[in-house]
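Report on the following structure.
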Amino acid sequence: MATLKMLLSGAQPPAKAEHSVLTMSDNQIMNTIYATHVHGDEKFDVDSLFAVTENILQRATHLVDNVVLGTKTQREHLDEKVPKASFNPPSCTLKALSCEMSCKAPGEEIAHKTTLSILNKLAHYSWDAKAVLTLAAFALDYGDFWLLADLHSSDQLAKSVGILKRVPVVLKRPGLQKYGKAIVELNNLIKATLEVIESIFELEKLTVYDTKDVPALAGAMDRIPVDVYWAIITVVACTTQMCCITGDEGKTQELSPVAQKINVILNVLRRTIKLAYEQIDVIEAYRKLKKIFQTPSEVMEVFKALIFHKDAEPSLIDGSTNKLVSIDVLKKKDVLFFISSLNITIEEISILKPVYGGICKKDQHKIVWIPIVEHWTDELRKKFEVLRSKMPWYTVQYFSPVVGIKFIKEEWNFKNKPIVVVINPRGKVEHPNALHIIKVWGMKAFPFTKEAEDVLATKEDVMEDIMVGVNPRSPVVIKDDKYIFFYGGKDNEWIQQFTKKATALANDPAIKEARLSIELVLVGKNEKGQDDVGILGRFWDKMESFFFSKTEKKTEPDAVTREIQKLLSYKNESGWAVLSKGSKVIFTGHGTTVMKVVDEFEKWKGYVREIAFEIIFKQNHDKVIEVNRPCSRVDIPLGVGKVPEHMHCPHCPRVMETYISFKCCHVDGALNSLH
């Protein structure tokens, strides 16, 4: 806490304090005041007391503004809080607190000691009750003074009592000129202190929420005792200032240090409460959405509850016309929610373009991009506009946090990687993430439901679908009777050796005599033979999508899924190969084991005419891996959706061990692709 000038310095400075209150840390204050607190159960109607106190101070401070500043605003616009009919004010406690604060000499140490004395008197009350009781005791005197000031010219009793309270001395021209500035400063400080205590009161009421759901409350609740201390010492300072103004000595004290402190606290409390309500909106929206999806309603209503705050005007941007449209366009439609952060690539956007082209013909299905941004900035808005311009479908343009963010993250497993959630016209989720099947099968997966995925999942001939779009400039032509080695790896020397030896195998007379056609497809190289990160990325992305689509099912993985799992475990190895017959995956192998089978071709090529090529190759490969079986490893990015709780090894019956790894390729594809 920054060192400030001495708080409440009067004309006659008190003896030097052992420590400065304004230089005490929060921990020091906490240790001091906790000694005064007893966790008791002193009960009274604190809500009603605060309502009455707020009524008094709002009207009194309003009256001061009119008298001193000359404002002419009416009191009728002030809200009147209504206490309970059964409210019984703690009059004796309030009088005792008023006496404790009254007629004290100015000074930081005196104010501190008075505050501790008040806290000791209120030891059995809750922290918010301590603050409200102290403020109410002050309001009794402050409200009384300004009530007499308001009535002194029209009521003889008020005039007589006002004389004893020195009201005329303050209100007459010399007094008003002399004390006007001090009265305004005092009045403003009272308003700020009232709002601080109101905020503390409000925070206490929010404790019905779990801090796991509303983390803003966790630190704030810990700070409440210190905030209460500062509220009470400020009320003590205000009482002393009022005594100075109405006293005989004609001198006032400096309130700016304590005003500065209370305003800092107030700003922190305002931010905390604002954040807390934002987090409460999220948890309430989460509960509402869970209820909505348990009893589905119209998809348009689901969409509204998922995205917009209750006071927002929901609308969409039509990417084909670049115009704002009503969300009524989603009514009675099947909707694909394309949910992503702003860190998406143009390539990720392009995955949905064939789907958009396909569904436009019938007008029953709509795509809506929902960008997930926690905190919007001007830079992010610009980035949003660039991305939006690449999308011909509907877009949510809502520069506030999506209200259903918690639901999207927890129920649909959104982890910043794009997902596509399919909702039918009745608001029922037909697929929690159809992006995997769209990547692999495109429009063949239409209408992108779980049922459509189940049909596709039974297919064994997947290589043609996987290879579509991997290398657009040099597409692979796949025929049912053709054998194809798809291969690649990190080691160029292994690639060169395999290319040479597998080519020799494909051209061997034994293969020709058996009338077999074997083709080699090197994955990850362009037509010039250079490494192509884009080709390799698309290949592995589609392989992973196929695998993740299969692993989301509760059933045991089939033979094709196990082979793809093996292949994924070789992703970062020196070499790997996939043998397919037509589009059907026969087997996948590590570069070392596959190379050994090819090296030993002379030993088994005589069986090619008697036994099918795929069978004899796989039999020999099985013999090799019995001797040399590499470890199996599958990396699953956290952003793909729901991660399997466990996974069986594709080579043996064991359950694979789980590790956490971190990876960076020093490339931000989303940013680079936008330039």
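Just remember, in the structure tokens the first chain shown is A, the second B, etc., residues are 1-based per chain, and ligands are 1-based in the order shown.
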Determine, counting only C-alpha atoms, which protein, DNA and RNA residues have an atom within 9 Å of an atom of stretch 427-433 of chain A; residues of the same chain fewer than 3 positions away are not included. Present the result as a ChimeraX atom specification.
/A:292-303,334,411-413,419-424,436-437,448-451,641
Only N, CA, C and O atoms, please: the residues just picked out, written as an mmCIF file, in the first residue's frame.
```
data_model
loop_
_atom_site.group_PDB
_atom_site.id
_atom_site.type_symbol
_atom_site.label_atom_id
_atom_site.label_comp_id
_atom_site.auth_asym_id
_atom_site.auth_seq_id
_atom_site.Cartn_x
_atom_site.Cartn_y
_atom_site.Cartn_z
ATOM 1 N N ILE A 292 -33.115 -26.916 -21.251
ATOM 2 C CA ILE A 292 -33.674 -26.815 -22.603
ATOM 3 C C ILE A 292 -33.379 -28.077 -23.407
ATOM 4 O O ILE A 292 -34.252 -28.608 -24.101
ATOM 5 N N PHE A 293 -32.144 -28.577 -23.317
ATOM 6 C CA PHE A 293 -31.776 -29.755 -24.109
ATOM 7 C C PHE A 293 -32.363 -31.044 -23.543
ATOM 8 O O PHE A 293 -32.422 -32.055 -24.232
ATOM 9 N N GLN A 294 -32.774 -31.004 -22.279
ATOM 10 C CA GLN A 294 -33.476 -32.166 -21.715
ATOM 11 C C GLN A 294 -34.921 -32.216 -22.199
ATOM 12 O O GLN A 294 -35.500 -33.289 -22.334
ATOM 13 N N THR A 295 -35.501 -31.042 -22.443
ATOM 14 C CA THR A 295 -36.858 -30.960 -22.990
ATOM 15 C C THR A 295 -36.799 -30.042 -24.209
ATOM 16 O O THR A 295 -37.141 -28.866 -24.124
ATOM 17 N N PRO A 296 -36.318 -30.572 -25.344
ATOM 18 C CA PRO A 296 -36.020 -29.738 -26.515
ATOM 19 C C PRO A 296 -37.188 -28.863 -26.961
ATOM 20 O O PRO A 296 -38.348 -29.227 -26.839
ATOM 21 N N SER A 297 -36.804 -27.680 -27.456
ATOM 22 C CA SER A 297 -37.774 -26.757 -28.026
ATOM 23 C C SER A 297 -37.269 -26.341 -29.407
ATOM 24 O O SER A 297 -36.283 -26.891 -29.896
ATOM 25 N N GLU A 298 -37.926 -25.379 -30.009
ATOM 26 C CA GLU A 298 -37.572 -24.957 -31.364
ATOM 27 C C GLU A 298 -36.103 -24.536 -31.443
ATOM 28 O O GLU A 298 -35.586 -23.882 -30.552
ATOM 29 N N VAL A 299 -35.436 -24.914 -32.540
ATOM 30 C CA VAL A 299 -33.996 -24.685 -32.673
ATOM 31 C C VAL A 299 -33.643 -23.204 -32.554
ATOM 32 O O VAL A 299 -32.589 -22.843 -32.016
ATOM 33 N N MET A 300 -34.531 -22.328 -33.032
ATOM 34 C CA MET A 300 -34.275 -20.895 -32.951
ATOM 35 C C MET A 300 -34.192 -20.432 -31.499
ATOM 36 O O MET A 300 -33.350 -19.605 -31.139
ATOM 37 N N GLU A 301 -35.048 -20.988 -30.632
ATOM 38 C CA GLU A 301 -35.027 -20.641 -29.215
ATOM 39 C C GLU A 301 -33.777 -21.184 -28.535
ATOM 40 O O GLU A 301 -33.196 -20.537 -27.661
ATOM 41 N N VAL A 302 -33.364 -22.372 -28.946
ATOM 42 C CA VAL A 302 -32.118 -22.957 -28.426
ATOM 43 C C VAL A 302 -30.942 -22.064 -28.779
ATOM 44 O O VAL A 302 -30.082 -21.755 -27.943
ATOM 45 N N PHE A 303 -30.903 -21.625 -30.029
ATOM 46 C CA PHE A 303 -29.825 -20.765 -30.506
ATOM 47 C C PHE A 303 -29.778 -19.456 -29.723
ATOM 48 O O PHE A 303 -28.717 -18.995 -29.299
ATOM 49 N N ASP A 334 -32.639 -27.602 -39.866
ATOM 50 C CA ASP A 334 -31.524 -28.335 -39.270
ATOM 51 C C ASP A 334 -30.322 -27.404 -39.332
ATOM 52 O O ASP A 334 -30.003 -26.868 -40.409
ATOM 53 N N GLU A 411 -20.311 -29.440 -22.146
ATOM 54 C CA GLU A 411 -21.217 -30.444 -22.716
ATOM 55 C C GLU A 411 -20.798 -30.856 -24.122
ATOM 56 O O GLU A 411 -21.011 -31.995 -24.525
ATOM 57 N N TRP A 412 -20.229 -29.921 -24.869
ATOM 58 C CA TRP A 412 -19.822 -30.228 -26.243
ATOM 59 C C TRP A 412 -18.313 -30.326 -26.388
ATOM 60 O O TRP A 412 -17.795 -30.454 -27.495
ATOM 61 N N ASN A 413 -17.604 -30.272 -25.248
ATOM 62 C CA ASN A 413 -16.152 -30.502 -25.218
ATOM 63 C C ASN A 413 -15.374 -29.572 -26.151
ATOM 64 O O ASN A 413 -14.407 -29.976 -26.794
ATOM 65 N N ILE A 419 -15.380 -27.197 -33.897
ATOM 66 C CA ILE A 419 -16.311 -28.318 -33.835
ATOM 67 C C ILE A 419 -17.554 -27.939 -34.630
ATOM 68 O O ILE A 419 -17.802 -26.760 -34.875
ATOM 69 N N VAL A 420 -18.315 -28.944 -35.045
ATOM 70 C CA VAL A 420 -19.583 -28.706 -35.740
ATOM 71 C C VAL A 420 -20.666 -29.496 -35.009
ATOM 72 O O VAL A 420 -20.665 -30.727 -35.035
ATOM 73 N N VAL A 421 -21.557 -28.765 -34.333
ATOM 74 C CA VAL A 421 -22.649 -29.394 -33.585
ATOM 75 C C VAL A 421 -23.910 -29.329 -34.447
ATOM 76 O O VAL A 421 -24.284 -28.252 -34.918
ATOM 77 N N VAL A 422 -24.532 -30.480 -34.661
ATOM 78 C CA VAL A 422 -25.708 -30.554 -35.526
ATOM 79 C C VAL A 422 -26.977 -30.608 -34.660
ATOM 80 O O VAL A 422 -27.109 -31.488 -33.805
ATOM 81 N N ILE A 423 -27.888 -29.651 -34.878
ATOM 82 C CA ILE A 423 -29.140 -29.546 -34.121
ATOM 83 C C ILE A 423 -30.312 -29.672 -35.086
ATOM 84 O O ILE A 423 -30.325 -29.024 -36.140
ATOM 85 N N ASN A 424 -31.294 -30.493 -34.712
ATOM 86 C CA ASN A 424 -32.460 -30.636 -35.589
ATOM 87 C C ASN A 424 -33.490 -29.535 -35.298
ATOM 88 O O ASN A 424 -33.321 -28.746 -34.364
ATOM 89 N N HIS A 436 -15.476 -34.298 -37.632
ATOM 90 C CA HIS A 436 -14.631 -35.446 -37.983
ATOM 91 C C HIS A 436 -15.167 -36.166 -39.217
ATOM 92 O O HIS A 436 -14.414 -36.500 -40.132
ATOM 93 N N ILE A 437 -16.475 -36.432 -39.233
ATOM 94 C CA ILE A 437 -17.021 -37.178 -40.380
ATOM 95 C C ILE A 437 -17.082 -36.297 -41.625
ATOM 96 O O ILE A 437 -16.976 -36.800 -42.751
ATOM 97 N N PHE A 448 -25.250 -35.717 -41.560
ATOM 98 C CA PHE A 448 -24.276 -35.444 -40.493
ATOM 99 C C PHE A 448 -24.797 -35.807 -39.107
ATOM 100 O O PHE A 448 -24.445 -35.179 -38.112
ATOM 101 N N THR A 449 -25.634 -36.817 -39.042
ATOM 102 C CA THR A 449 -26.164 -37.302 -37.772
ATOM 103 C C THR A 449 -25.350 -38.487 -37.280
ATOM 104 O O THR A 449 -24.527 -39.044 -38.021
ATOM 105 N N LYS A 450 -25.591 -38.903 -36.049
ATOM 106 C CA LYS A 450 -24.937 -40.093 -35.511
ATOM 107 C C LYS A 450 -25.316 -41.331 -36.323
ATOM 108 O O LYS A 450 -24.504 -42.229 -36.527
ATOM 109 N N GLU A 451 -26.582 -41.371 -36.794
ATOM 110 C CA GLU A 451 -27.032 -42.506 -37.597
ATOM 111 C C GLU A 451 -26.255 -42.581 -38.907
ATOM 112 O O GLU A 451 -25.837 -43.674 -39.334
ATOM 113 N N GLY A 641 -12.175 -32.792 -29.107
ATOM 114 C CA GLY A 641 -13.474 -33.160 -28.559
ATOM 115 C C GLY A 641 -13.289 -34.007 -27.322
ATOM 116 O O GLY A 641 -12.368 -33.808 -26.538
#
```
Write out as a list in words all residues of stretch 504-626 of chain A that DSSP puts in strand (DSSP E) for this structure's backbone.
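Here are the strand (DSSP E) residues of stretch 504-626 of chain A: Ser517, Ile518, Glu519, Leu520, Val521, Leu522, Trp576, Ala577, Val578, Leu579, Ser580, Lys581, Lys584, Val585, Ile586, Phe587, Thr588, Gly589 and His590 of chain A.
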Backbone DSSP call of helix (DSSP H, G or I) for stretch 14-174 of chain A, listed as an MDAnalysis selection string:
chainID A and resid 21:23 26:34 46:69 75:77 91:101 108:121 127:151 156:164 167:171 173:174
With only C-alpha atoms as the basis for distance, which of A:Thr134, A:Thr93, A:Thr193, A:Thr252 is at the shortest distance from A:Gly180?
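Smallest distance to A:Gly180 is found for A:Thr252.
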All residues 8 Å or closer to A:Glu460, only C-alpha atoms, same chain fewer than 3 positions away omitted, as number ranges by chain:
A: 560, 583-585
Selected residues written out with N, CA, C and O atoms, as a CSV table (one decimal), in the first residue's frame:
```csv
chain,number,residue,atom,x,y,z
A,560,VAL,N,-10.1,-52.2,-39.1
A,560,VAL,CA,-9.6,-51.0,-39.8
A,560,VAL,C,-9.2,-49.9,-38.8
A,560,VAL,O,-8.1,-49.3,-38.9
A,583,SER,N,-9.6,-49.4,-52.0
A,583,SER,CA,-9.7,-48.4,-50.9
A,583,SER,C,-9.7,-49.1,-49.6
A,583,SER,O,-9.8,-48.4,-48.5
A,584,LYS,N,-9.6,-50.4,-49.5
A,584,LYS,CA,-9.6,-51.1,-48.3
A,584,LYS,C,-8.3,-51.2,-47.6
A,584,LYS,O,-7.3,-51.7,-48.3
A,585,VAL,N,-8.2,-50.9,-46.4
A,585,VAL,CA,-6.9,-50.9,-45.6
A,585,VAL,C,-6.6,-52.4,-45.3
A,585,VAL,O,-7.4,-53.1,-44.6
```
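Atom pair atom CA of A:Asp141 / atom CA of A:Leu63: separated by 14.7 Å.
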Of A:Gly358, A:Lys304, A:Lys81, A:His365, the one nearest to A:Lys444 when counting only C-alpha atoms is A:Gly358
Fewer than 6 positions away in the same chain doesn't count, so skip those; otherwise give me all residues within 8 Å of A:His37, counting only C-alpha atoms, as a list in words.
Leu119, Asn120, Leu122, Ala123 and His124 of chain A
Residue selection dump (N, CA and C atoms) as a compact mmCIF listing (two decimals), in the first residue's frame:
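What follows is the written file selection.txt:
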```
# COMPACT_ATOMS: atom_id res chain seq x y z
N LEU A 119 -15.31 -2.48 16.38
CA LEU A 119 -15.25 -3.90 15.99
C LEU A 119 -15.37 -4.81 17.20
N ASN A 120 -14.78 -4.40 18.32
CA ASN A 120 -14.91 -5.20 19.56
C ASN A 120 -16.35 -5.20 20.06
N LEU A 122 -18.92 -4.98 18.28
CA LEU A 122 -19.73 -5.74 17.31
C LEU A 122 -19.12 -7.11 17.02
N ALA A 123 -18.38 -7.64 17.96
CA ALA A 123 -17.60 -8.87 17.73
C ALA A 123 -18.45 -10.03 17.24
N HIS A 124 -19.68 -10.14 17.70
CA HIS A 124 -20.51 -11.31 17.39
C HIS A 124 -21.33 -11.15 16.11
```
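Among the candidates A:Asp150, A:Glu573, A:Glu379, A:Asp281, the residue lying nearest to A:Trp494 is A:Glu573 (atoms considered: only C-alpha atoms).
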For A:Thr32: contacts at 12 Å, only C-alpha atoms, fewer than 2 positions along chain excluded, given as a list in words
Val21, Met24, Ser25, Asp26, Asn27, Gln28, Ile29, Met30, Tyr34, Ala35, Thr36, His37, His112, Lys113, Thr115, Leu116, Ser117, Leu119, Asn120, Pro225, Val226 and Tyr229 of chain A
Taking only C-alpha atoms into account, which of A:Lys490, A:Lys415, A:Lys605, A:Lys353 comes nearest A:Pro392?
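That would be A:Lys353, the residue with the smallest distance to A:Pro392.
Interatomic distance, atom CA of A:Leu97 to atom CA of A:Leu147: 20.6 Å.
Atom CA of A:Ile351 is positioned 24.0 Å from atom CA of A:Gly488.
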Just want the 10 Å neighbourhood of A:Arg609, counted on only C-alpha atoms, with same-chain residues fewer than 4 positions away dropped. Output as a ChimeraX atom specification.
/A:510-511,513-516,605,613
Take the residues from that selection and put them in a file with N, CA, C and O atoms, as an mmCIF file, in the first residue's frame.
```
data_model
loop_
_atom_site.group_PDB
_atom_site.id
_atom_site.type_symbol
_atom_site.label_atom_id
_atom_site.label_comp_id
_atom_site.auth_asym_id
_atom_site.auth_seq_id
_atom_site.Cartn_x
_atom_site.Cartn_y
_atom_site.Cartn_z
ATOM 1 N N ALA A 510 7.777 -61.921 -60.791
ATOM 2 C CA ALA A 510 6.808 -62.738 -60.054
ATOM 3 C C ALA A 510 5.492 -61.983 -59.872
ATOM 4 O O ALA A 510 4.404 -62.570 -59.920
ATOM 5 N N ILE A 511 5.597 -60.680 -59.672
ATOM 6 C CA ILE A 511 4.403 -59.847 -59.512
ATOM 7 C C ILE A 511 3.685 -59.713 -60.854
ATOM 8 O O ILE A 511 2.448 -59.785 -60.931
ATOM 9 N N GLU A 513 3.861 -61.784 -63.419
ATOM 10 C CA GLU A 513 3.271 -63.068 -63.798
ATOM 11 C C GLU A 513 1.964 -63.319 -63.054
ATOM 12 O O GLU A 513 1.044 -63.959 -63.586
ATOM 13 N N ALA A 514 1.885 -62.841 -61.820
ATOM 14 C CA ALA A 514 0.659 -63.006 -61.039
ATOM 15 C C ALA A 514 -0.404 -61.973 -61.430
ATOM 16 O O ALA A 514 -1.507 -61.968 -60.875
ATOM 17 N N ARG A 515 -0.056 -61.121 -62.421
ATOM 18 C CA ARG A 515 -0.949 -60.081 -62.921
ATOM 19 C C ARG A 515 -1.454 -59.153 -61.797
ATOM 20 O O ARG A 515 -2.618 -58.809 -61.707
ATOM 21 N N LEU A 516 -0.477 -58.781 -60.963
ATOM 22 C CA LEU A 516 -0.786 -57.864 -59.868
ATOM 23 C C LEU A 516 -0.327 -56.460 -60.236
ATOM 24 O O LEU A 516 0.720 -56.281 -60.864
ATOM 25 N N LYS A 605 8.370 -64.538 -52.427
ATOM 26 C CA LYS A 605 7.677 -64.152 -53.661
ATOM 27 C C LYS A 605 7.121 -65.352 -54.421
ATOM 28 O O LYS A 605 6.188 -65.211 -55.221
ATOM 29 N N PHE A 613 -1.606 -61.606 -52.480
ATOM 30 C CA PHE A 613 -0.457 -60.774 -52.120
ATOM 31 C C PHE A 613 -0.618 -60.164 -50.731
ATOM 32 O O PHE A 613 0.319 -60.173 -49.927
#
```
Counting only C-alpha atoms, which residues of stretch 9-126 of chain A sit at most 12 Å from some atom of stretch 154-172 of chain A, and what is each one's closest atom pair with its distance in Å to one decimal, listed by chain and rising residue number, as JSON lines?
```
{"residue": "A:Val64", "atom": "CA", "partner": "A:Leu171", "partner_atom": "CA", "distance": 10.5}
{"residue": "A:Val67", "atom": "CA", "partner": "A:Leu171", "partner_atom": "CA", "distance": 8.5}
{"residue": "A:Val68", "atom": "CA", "partner": "A:Leu171", "partner_atom": "CA", "distance": 8.7}
```
Let me see the file: selected residues, N, CA and C atoms, as a PDB file, in the first residue's frame.
```pdb
ATOM      1  N   VAL A  64     -27.967  18.030   0.794  1.00  0.00           N
ATOM      2  CA  VAL A  64     -26.702  18.781   0.884  1.00  0.00           C
ATOM      3  C   VAL A  64     -26.318  19.331  -0.484  1.00  0.00           C
ATOM      4  N   VAL A  67     -28.461  22.352  -1.133  1.00  0.00           N
ATOM      5  CA  VAL A  67     -28.183  23.500  -0.269  1.00  0.00           C
ATOM      6  C   VAL A  67     -26.828  24.120  -0.592  1.00  0.00           C
ATOM      7  N   VAL A  68     -25.807  23.284  -0.673  1.00  0.00           N
ATOM      8  CA  VAL A  68     -24.433  23.797  -0.807  1.00  0.00           C
ATOM      9  C   VAL A  68     -24.080  24.097  -2.264  1.00  0.00           C
TER      10      VAL A  68
END
```
Which residues are near A:Ser315? Cut-off 12 Å, only C-alpha atoms, ignore same chain within fewer than 2 positions. Put them as a PDB file with N, CA and C atoms, in the first residue's frame.
```pdb
ATOM      1  N   MET A 300     -34.531 -22.328 -33.032  1.00  0.00           N
ATOM      2  CA  MET A 300     -34.275 -20.895 -32.951  1.00  0.00           C
ATOM      3  C   MET A 300     -34.192 -20.432 -31.499  1.00  0.00           C
ATOM      4  N   PHE A 303     -30.903 -21.625 -30.029  1.00  0.00           N
ATOM      5  CA  PHE A 303     -29.825 -20.765 -30.506  1.00  0.00           C
ATOM      6  C   PHE A 303     -29.778 -19.456 -29.723  1.00  0.00           C
ATOM      7  N   LYS A 304     -30.935 -18.861 -29.500  1.00  0.00           N
ATOM      8  CA  LYS A 304     -31.019 -17.594 -28.769  1.00  0.00           C
ATOM      9  C   LYS A 304     -30.492 -17.761 -27.344  1.00  0.00           C
ATOM     10  N   ILE A 307     -26.529 -18.187 -27.236  1.00  0.00           N
ATOM     11  CA  ILE A 307     -25.619 -17.112 -27.640  1.00  0.00           C
ATOM     12  C   ILE A 307     -25.846 -15.794 -26.906  1.00  0.00           C
ATOM     13  N   PHE A 308     -27.086 -15.348 -26.831  1.00  0.00           N
ATOM     14  CA  PHE A 308     -27.354 -13.948 -26.491  1.00  0.00           C
ATOM     15  C   PHE A 308     -27.794 -13.744 -25.043  1.00  0.00           C
ATOM     16  N   ALA A 312     -30.113  -8.528 -25.219  1.00  0.00           N
ATOM     17  CA  ALA A 312     -29.505  -8.334 -26.536  1.00  0.00           C
ATOM     18  C   ALA A 312     -30.549  -8.524 -27.639  1.00  0.00           C
ATOM     19  N   GLU A 313     -30.322  -7.880 -28.772  1.00  0.00           N
ATOM     20  CA  GLU A 313     -31.184  -8.031 -29.941  1.00  0.00           C
ATOM     21  C   GLU A 313     -30.540  -9.055 -30.869  1.00  0.00           C
ATOM     22  N   ILE A 317     -25.462 -12.379 -39.540  1.00  0.00           N
ATOM     23  CA  ILE A 317     -25.011 -11.815 -40.809  1.00  0.00           C
ATOM     24  C   ILE A 317     -25.072 -12.922 -41.850  1.00  0.00           C
ATOM     25  N   ASP A 318     -25.735 -12.651 -42.942  1.00  0.00           N
ATOM     26  CA  ASP A 318     -25.794 -13.600 -44.057  1.00  0.00           C
ATOM     27  C   ASP A 318     -24.534 -13.405 -44.893  1.00  0.00           C
ATOM     28  N   LYS A 323     -25.505  -8.996 -45.295  1.00  0.00           N
ATOM     29  CA  LYS A 323     -26.524  -8.186 -44.643  1.00  0.00           C
ATOM     30  C   LYS A 323     -26.985  -8.839 -43.351  1.00  0.00           C
ATOM     31  N   LEU A 324     -27.440  -7.979 -42.397  1.00  0.00           N
ATOM     32  CA  LEU A 324     -28.012  -8.487 -41.152  1.00  0.00           C
ATOM     33  C   LEU A 324     -29.380  -9.098 -41.428  1.00  0.00           C
ATOM     34  N   VAL A 325     -29.628 -10.268 -40.821  1.00  0.00           N
ATOM     35  CA  VAL A 325     -30.924 -10.924 -40.975  1.00  0.00           C
ATOM     36  C   VAL A 325     -31.414 -11.374 -39.602  1.00  0.00           C
ATOM     37  N   SER A 326     -32.706 -11.587 -39.488  1.00  0.00           N
ATOM     38  CA  SER A 326     -33.287 -12.079 -38.243  1.00  0.00           C
ATOM     39  C   SER A 326     -32.937 -13.548 -38.047  1.00  0.00           C
ATOM     40  N   ILE A 327     -32.905 -13.976 -36.786  1.00  0.00           N
ATOM     41  CA  ILE A 327     -32.631 -15.391 -36.514  1.00  0.00           C
ATOM     42  C   ILE A 327     -33.816 -16.269 -36.901  1.00  0.00           C
ATOM     43  N   ASP A 328     -34.891 -15.635 -37.366  1.00  0.00           N
ATOM     44  CA  ASP A 328     -36.037 -16.412 -37.859  1.00  0.00           C
ATOM     45  C   ASP A 328     -35.656 -17.296 -39.046  1.00  0.00           C
ATOM     46  N   VAL A 329     -34.546 -16.973 -39.710  1.00  0.00           N
ATOM     47  CA  VAL A 329     -34.115 -17.800 -40.853  1.00  0.00           C
ATOM     48  C   VAL A 329     -33.768 -19.226 -40.415  1.00  0.00           C
ATOM     49  N   LEU A 330     -33.561 -19.429 -39.103  1.00  0.00           N
ATOM     50  CA  LEU A 330     -33.219 -20.761 -38.590  1.00  0.00           C
ATOM     51  C   LEU A 330     -34.457 -21.558 -38.188  1.00  0.00           C
ATOM     52  N   VAL A 368     -24.122 -21.997 -39.229  1.00  0.00           N
ATOM     53  CA  VAL A 368     -23.932 -20.741 -38.480  1.00  0.00           C
ATOM     54  C   VAL A 368     -22.580 -20.793 -37.781  1.00  0.00           C
ATOM     55  N   TYR A 394     -24.096 -18.191 -42.506  1.00  0.00           N
ATOM     56  CA  TYR A 394     -24.465 -17.219 -41.478  1.00  0.00           C
ATOM     57  C   TYR A 394     -23.373 -17.117 -40.407  1.00  0.00           C
ATOM     58  N   THR A 395     -23.280 -15.926 -39.825  1.00  0.00           N
ATOM     59  CA  THR A 395     -22.293 -15.666 -38.777  1.00  0.00           C
ATOM     60  C   THR A 395     -22.952 -14.909 -37.628  1.00  0.00           C
ATOM     61  N   VAL A 396     -22.577 -15.283 -36.412  1.00  0.00           N
ATOM     62  CA  VAL A 396     -22.998 -14.522 -35.232  1.00  0.00           C
ATOM     63  C   VAL A 396     -22.062 -13.325 -35.076  1.00  0.00           C
ATOM     64  N   GLN A 397     -22.619 -12.127 -35.185  1.00  0.00           N
ATOM     65  CA  GLN A 397     -21.822 -10.924 -34.912  1.00  0.00           C
ATOM     66  C   GLN A 397     -22.299 -10.366 -33.584  1.00  0.00           C
ATOM     67  N   TYR A 398     -21.623 -10.788 -32.525  1.00  0.00           N
ATOM     68  CA  TYR A 398     -22.046 -10.429 -31.161  1.00  0.00           C
ATOM     69  C   TYR A 398     -20.790 -10.220 -30.344  1.00  0.00           C
TER      70      TYR A 398
END
```
